[in-house]
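Scroll down for the structure; my scribbles are underneath it.
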Protein chains: 2
Amino acid sequence: MKLYTYWRSGAAYRLRIALNLKGVPYDPVPVNLLKGEHREDAYRAVNPAGLVPAVELNDGQVLTQSLAILDWLDRAFPQPPLFPREPVARARVMSAGMAIAVDTHPLQNVSVMAYVRDDLGHGKSGAFTWQHHWMSRGFDAFEKLCDPDTRFAFGEAPGYADICLIPQVYNAHRWRLDLTPWPRIAALEAVCLAHPAFDAARPENQPDAEKEA
Amino acid sequence: MKLYTYWRSGAAYRLRIALNLKGVPYDPVPVNLLKGEHREDAYRAVNPAGLVPAVELNDGQVLTQSLAILDWLDRAFPQPPLFPREPVARARVMSAGMAIAVDTHPLQNVSVMAYVRDDLGHGKSGAFTWQHHWMSRGFDAFEKLCDPDTRFAFGEAPGYADICLIPQVYNAHRWRLDLTPWPRIAALEAVCLAHPAFDAARPENQPDAEKEA
């Protein structure tokens with residue numbers, strides 16, 4: 001399968017982690033968001049919503065939306081599972097992941113930041129304030145929703161909540177948000193990034209990675 | 001089960017529709033977002049993230065995040081299903097729903113609007129511009145992602161994509177966004193609101209509904 005990806009896209013980073021965890025090989029197809037390639041006709045033909053990531057299956061069918069693709073992936077490749085089997089435990093893991101992937105990430109992606117910075121005229125410092133405000137809210141929630149003393153966010157193996165968290169922590173560093181108020185998240189970052197599936201998925205380890213501007 | 005709800009919460013509206021579709025009875029517990037009841041200790045004890053909706057099961061366990069609760073609900077009460085059974089078709093339905101519930105709704109909930117209006121100082125007219133910008137992007141995507149000529153968004157029965165769409169259309173009306181550019185969405189609204197499960201879930205039909213301010 002092909003993964004339409006951008007090294008710094010948090011949503012693409014989620015899928016890279018999950019594909020690595022499942023041991024599913026994929027061909028990365030870089031889409032340069034900074035150059036606006038996601039808005040060009042060639043990519044709109046793949047995903048009419050113009051958003052990264054997308055997955056193209058070998059039969060040409062295209063899947064979009066990272067969380068919908070995670071749902072599909074966990075059904076198509078059940079091992080190792082991204083969720084515990086017990087229904088309420090599964091819902092708790094999904095809820096913690098979504099406190100980041102739904103409540104936080106959509107507020108700070110490229111298009112929203114450009115709108116706050118340029119269209120609303122708050123500039124770079126306004127963008128920093130915006131980022132810190134919403135990321136802090138998301139991390140506050142995650143820190144309370146995850147298990148307090150397991151190796152990963154829930155249990156002894158990585159799963160959906162860790163997959164949603166780690167790309168957001170990468171963004172936190174980019175925006176120089178100090179993680180001291182969230183010791184559990186800081187500890188999870190260290191454990192996850194030591195895992196080969198997460199390490200191989202890191203933005204700086206992608207073929208389309210660029211030097212820091 | 002108890003549903004912690006607010007009549008105008010789009011995420012609570014989703015769950016009301018789904019519970020009605022499944023024929024699952026529930027006790028509504030109103031949480032007045034305008035009065036800030038979601039930020040008070042009593043509600044934080046239910047959901048530490050301080051967000052509506054939440055579901056409290058009869059054994060006292062609490063589920064949060066509307067999309068995680070929809071996932072749980074569709075497993076706990078499989079009939080009628082919210083998704084087609086075929087995996088790629090399922091992913092397409094989820095992706096369309098998430099173009100609204102993940103890419104659009106989080107950008108225009110109560111806390112974000114207060115931040116744009118008050119903290120960033122763009123006032124009421126800035127809030128309208130913000131709302132129209134992001135809702136238009138979401139509706140553009142949904143209109144392309146759903147099936148073009150089925151009765152509901154996908155197929156002849158309502159499902160996940162319709163459940164995500166209709167509360168956003170309610171918000172569009174509140175913010176006076178003209179739906180003319182999205183004829184498919186306007187048609188889906190008419191079909192869905194004629195369905196008893198959607199009608200009973202409408203904000204104005206809730207016990208905590210207030211007169212328009």
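Identifiers in the structure tokens: chain A, B, ... in order shown; residue index from 1 per chain; ligand index from 1 in order shown.
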Q: For Arg202 (chain A), work out the shell of residues within 12 Å, counting only C-alpha atoms and skipping chain neighbours fewer than 6 positions away, then give it as a list in words.
A: Tyr6, Trp7, Arg8, Ser9, Gly10, Ala12, Tyr13, Arg14, Leu15, Arg16, Ile17, Asn20, Ile163, Ile166, Pro167, Gln168, Val169, Tyr170, Asn171, Glu189, Cys192, Leu193, Ala194, His195, Pro196, Asp208 and Ala209 of chain A
Export N, CA and C atoms of the chosen residues as an mmCIF file, in the first residue's frame?
data_model
loop_
_atom_site.group_PDB
_atom_site.id
_atom_site.type_symbol
_atom_site.label_atom_id
_atom_site.label_comp_id
_atom_site.auth_asym_id
_atom_site.auth_seq_id
_atom_site.Cartn_x
_atom_site.Cartn_y
_atom_site.Cartn_z
ATOM 1 N N TYR A 6 3.518 13.436 4.999
ATOM 2 C CA TYR A 6 4.439 14.566 5.083
ATOM 3 C C TYR A 6 5.178 14.390 6.406
ATOM 4 N N TRP A 7 6.474 14.590 6.370
ATOM 5 C CA TRP A 7 7.277 14.215 7.548
ATOM 6 C C TRP A 7 6.779 14.855 8.840
ATOM 7 N N ARG A 8 6.275 16.094 8.746
ATOM 8 C CA ARG A 8 5.854 16.805 9.950
ATOM 9 C C ARG A 8 4.368 16.745 10.223
ATOM 10 N N SER A 9 3.600 16.086 9.384
ATOM 11 C CA SER A 9 2.161 15.950 9.645
ATOM 12 C C SER A 9 1.947 15.025 10.837
ATOM 13 N N GLY A 10 1.289 15.532 11.866
ATOM 14 C CA GLY A 10 1.018 14.719 13.047
ATOM 15 C C GLY A 10 0.110 13.543 12.732
ATOM 16 N N ALA A 12 -0.153 11.983 9.820
ATOM 17 C CA ALA A 12 0.618 10.975 9.082
ATOM 18 C C ALA A 12 1.555 10.217 10.023
ATOM 19 N N TYR A 13 2.113 10.927 10.980
ATOM 20 C CA TYR A 13 3.002 10.323 11.989
ATOM 21 C C TYR A 13 2.253 9.219 12.741
ATOM 22 N N ARG A 14 0.982 9.485 13.107
ATOM 23 C CA ARG A 14 0.165 8.437 13.752
ATOM 24 C C ARG A 14 0.144 7.155 12.920
ATOM 25 N N LEU A 15 -0.111 7.323 11.624
ATOM 26 C CA LEU A 15 -0.228 6.131 10.771
ATOM 27 C C LEU A 15 1.110 5.432 10.602
ATOM 28 N N ARG A 16 2.187 6.205 10.518
ATOM 29 C CA ARG A 16 3.502 5.549 10.400
ATOM 30 C C ARG A 16 3.772 4.682 11.630
ATOM 31 N N ILE A 17 3.452 5.209 12.809
ATOM 32 C CA ILE A 17 3.647 4.415 14.032
ATOM 33 C C ILE A 17 2.819 3.126 13.970
ATOM 34 N N ASN A 20 4.061 0.569 11.494
ATOM 35 C CA ASN A 20 5.273 -0.067 12.015
ATOM 36 C C ASN A 20 4.952 -1.067 13.124
ATOM 37 N N ILE A 163 -0.255 6.327 20.260
ATOM 38 C CA ILE A 163 -0.143 6.714 18.852
ATOM 39 C C ILE A 163 -0.664 8.134 18.636
ATOM 40 N N ILE A 166 2.042 10.861 20.890
ATOM 41 C CA ILE A 166 3.449 11.156 20.571
ATOM 42 C C ILE A 166 3.621 12.214 19.476
ATOM 43 N N PRO A 167 2.821 12.181 18.397
ATOM 44 C CA PRO A 167 2.964 13.267 17.409
ATOM 45 C C PRO A 167 2.627 14.644 17.992
ATOM 46 N N GLN A 168 1.706 14.685 18.963
ATOM 47 C CA GLN A 168 1.394 15.965 19.590
ATOM 48 C C GLN A 168 2.556 16.440 20.455
ATOM 49 N N VAL A 169 3.255 15.523 21.104
ATOM 50 C CA VAL A 169 4.423 15.887 21.913
ATOM 51 C C VAL A 169 5.530 16.439 21.009
ATOM 52 N N TYR A 170 5.644 15.852 19.821
ATOM 53 C CA TYR A 170 6.607 16.408 18.841
ATOM 54 C C TYR A 170 6.259 17.867 18.539
ATOM 55 N N ASN A 171 4.968 18.128 18.321
ATOM 56 C CA ASN A 171 4.538 19.511 18.076
ATOM 57 C C ASN A 171 4.812 20.415 19.272
ATOM 58 N N GLU A 189 6.638 9.810 26.625
ATOM 59 C CA GLU A 189 7.439 10.154 25.444
ATOM 60 C C GLU A 189 8.746 9.347 25.436
ATOM 61 N N CYS A 192 8.010 5.636 24.675
ATOM 62 C CA CYS A 192 7.568 5.395 23.289
ATOM 63 C C CYS A 192 8.719 5.578 22.299
ATOM 64 N N LEU A 193 9.488 6.650 22.468
ATOM 65 C CA LEU A 193 10.518 6.923 21.462
ATOM 66 C C LEU A 193 11.658 5.899 21.508
ATOM 67 N N ALA A 194 11.741 5.155 22.618
ATOM 68 C CA ALA A 194 12.719 4.067 22.689
ATOM 69 C C ALA A 194 12.229 2.808 21.970
ATOM 70 N N HIS A 195 10.960 2.811 21.556
ATOM 71 C CA HIS A 195 10.365 1.661 20.865
ATOM 72 C C HIS A 195 10.653 1.796 19.364
ATOM 73 N N PRO A 196 11.138 0.721 18.731
ATOM 74 C CA PRO A 196 11.536 0.854 17.313
ATOM 75 C C PRO A 196 10.423 1.315 16.380
ATOM 76 N N ASP A 208 11.481 12.360 3.422
ATOM 77 C CA ASP A 208 11.213 13.739 2.987
ATOM 78 C C ASP A 208 11.561 14.777 4.062
ATOM 79 N N ALA A 209 12.221 14.356 5.150
ATOM 80 C CA ALA A 209 12.572 15.303 6.210
ATOM 81 C C ALA A 209 13.534 16.367 5.681
#
Q.
Using DSSP secondary structure from the backbone, list all strand (DSSP E or B) positions within region 44-141 of chain A, as a ChimeraX atom specification.
A. /A:54-56,62-64
Q | Distance filter 9 Å, only C-alpha atoms, chain A against chain B, as a ChimeraX atom specification | A | /A:47-50,61-69,71-72,75-76,87-88,90-96,98-99,101-104,106-107,112,120,122,126,137-138,140-142,144-145
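Taking CA of Ala161 (chain A) and CA of Ile185 (chain A) as endpoints, the distance between them is 11.2 Å.
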(Q) Using only C-alpha atoms for the distances, tell me which of A:Asp74, A:Asp199, A:Glu210, A:Ile100 is nearest to Pro30 (chain A). (A) A:Glu210
Q | chain A: residues DSSP assigns to alpha helix (DSSP H), reported as a PyMOL selection string | A | chain A and resi 10-22+41-44+66-76+87-101+110-114+123-145+160-174+183-193+196-201
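Near Gly60 (chain A), within a cut-off of 10 Å and counting only C-alpha atoms, sit the residues Met1, Lys2 and Val46 of chain A, with same-chain residues fewer than 6 positions away left out.
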Output C-alpha atoms for every residue in the selection just made, as a PDB file, in the first residue's frame.
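Saved file again_32.pdb follows:
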ATOM      1  CA  MET A   1       0.000   0.000   0.000  1.00  0.00           C
ATOM      2  CA  LYS A   2       0.966   3.624  -0.447  1.00  0.00           C
ATOM      3  CA  VAL A  46      -6.415  11.129  -4.420  1.00  0.00           C
TER       4      VAL A  46
END
(Q) Between CA of Ala54 (chain A) and CA of Tyr4 (chain A), what is the distance in Å, rounded to a tenth? (A) 5.1 Å
(Q) Need the shell around Leu82 (chain A): protein/DNA/RNA residues with any atom at most 8 Å away, counting only C-alpha atoms. Skip same-chain ones fewer than 3 positions apart. Format as a list in words? (A) Asp74, Pro158, Gly159 and Tyr160 of chain A
Q) Which distance in Å separates CA of Ala114 (chain A) and CA of Met135 (chain A), to one decimal? A) 16.8 Å
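Restricting the calculation to only C-alpha atoms, the smallest distance between Ala201 (chain A) and any of A:Ala11, A:Leu179, A:Ala127, A:Val110 is found for A:Ala11.
In this comparison, which uses only C-alpha atoms, the residue of A:Thr5, A:Glu37, A:Lys22, A:Pro183 approaching Phe198 (chain A) most closely is A:Lys22.
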